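Have a look at the structure below, then the notes.
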Amino acid sequence: MLTQDQLKLAVAQKALEFVPDDCIVGVGTGSTVNLFIEELATIKGRIKGAVSSSEASTARLKAHHIPVFELNEVEKLEVYIDGADEINHHLHMIKGGGAALTREKIVASVADQFICIADESKYVLKLGKFPLPIEVIPMARSSVARQLVALGGHPELRQGVVTDNGNLILDVHGLTINTPVELEEAINHIAGVVTCGLFARRRADVLVLGRQDGVEVIR
Ligand SMILES: O=C(CO)[C@H](O)[C@H](O)COP(=O)(O)O
């Protein structure tokens with residue numbers, strides 16, 4: 001029986017197959033991506049560098065002497081590699097467990113291919129068991145929370161967390177997510193919401209899924 005960490009390592013290693021030579025790689029955030037950064041360091045001679053989605057990933061990339069580019073210096077990325085908190089068979093995701101959702105969504109938006117790396121515990125029939133993270137401008141915390149309650153959710157302020165952008169995270173429990181694209185748009189239209197952790201409009205293109213019987217690639 002492989003542990004969750006062993007499954008994460010297996011998908012982090014497999015993800016190298018999706019990294020083209022001479023490219024700048026979009027790099028996500030989280031424990032699975034941390035393992036991917038270790039793997040990326042072993043092939044750093046064949047890439048130009050990375051665009052990072054968080055201060056935490058930037059620090060890890062730099063510690064491995066992988067050049068980190070500002071997104072503003074780069075027109076597009078061939079590939080963006082990131083984890084997820086939940087992913088369904090449409091490759092819609094919930095992300096933001098590491099509070100990096102806004103920068104993740106921005107970097108993912110300029111990538112040709114979004115490769116999601118995840119262990120099988122993340123693969124779900126229906127999104128929503130994992131509370132939906134939403135990045136909120138601090139002054140709008142209460143007004144946004146009230147509108148999320150009107151949508152059927154139970155928002156909870158993530159204690160002690162300030163995002164890399166200086167904002168807050170509301171974790172919304174109990175939402176029924178029947179139509180992820182529509183819900184993502186509805187939440188993103190609430191004044192004061194910076195980004196919602198649904199990645200449905202820009203879903204993953206490939207899921208590299210770590211299972212007990214091997215790594216499965218789902219497109
Ligand atoms: O969205 C994220 C960070 O904002 C991560 O991708 C997500 O939380 C999964 O993290 P982990 O690989 O540690 O399970």
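Starting from 1 in every chain, residues are counted up; chains themselves are A, B, ... following the order of the structure tokens, and ligands are numbered from 1 as listed.
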At most 7 Å is the cut-off: for each residue in chain A with any atom that close to an atom of ligand 1, write down the nearest atom pair and the distance in Å rounded to one decimal, counting only C-alpha atoms and all ligand atoms, chain first then increasing number, as a Markdown table.
| residue | atom | partner | partner_atom_place_in_ligand_line | distance |
| --- | --- | --- | --- | --- |
| A:Gly28 | CA | ligand 1 | 6 (O) | 6.4 |
| A:Thr29 | CA | ligand 1 | 3 (C) | 4.9 |
| A:Gly30 | CA | ligand 1 | 13 (O) | 3.9 |
| A:Ser31 | CA | ligand 1 | 13 (O) | 3.6 |
| A:Thr32 | CA | ligand 1 | 12 (O) | 3.7 |
| A:Val33 | CA | ligand 1 | 12 (O) | 5.9 |
| A:Asp82 | CA | ligand 1 | 6 (O) | 5.5 |
| A:Gly83 | CA | ligand 1 | 6 (O) | 3.6 |
| A:Ala84 | CA | ligand 1 | 6 (O) | 4.1 |
| A:Asp85 | CA | ligand 1 | 9 (C) | 4.6 |
| A:Lys95 | CA | ligand 1 | 1 (O) | 3.6 |
| A:Gly96 | CA | ligand 1 | 4 (O) | 3.4 |
| A:Gly97 | CA | ligand 1 | 8 (O) | 3.5 |
| A:Gly98 | CA | ligand 1 | 4 (O) | 3.5 |
| A:Ala99 | CA | ligand 1 | 4 (O) | 4.4 |
| A:Ala100 | CA | ligand 1 | 4 (O) | 3.9 |
| A:Leu101 | CA | ligand 1 | 4 (O) | 4.7 |
| A:Ala118 | CA | ligand 1 | 12 (O) | 6.9 |
(request) Do a neighbour search on A:Leu207 at 12 Å with only C-alpha atoms, toss out local chain neighbours closer than 3 positions, and write the hits as a PyMOL selection string. (result) chain A and resi 11-12+14-15+18+80-84+86-93+113-120+122-123+203-204+210-211+215-219
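What separates atom CA of A:Lys105 from atom CA of A:Thr58 is a distance of 16.1 Å.
From atom CA of A:Lys126 back to atom CA of A:Cys196, the distance works out to 17.3 Å.
Each of A:Thr102, A:Thr163, A:Asn178, A:Gln13 was checked against A:Val194 using only C-alpha atoms; the smallest atom-to-atom distance is that of A:Thr102.
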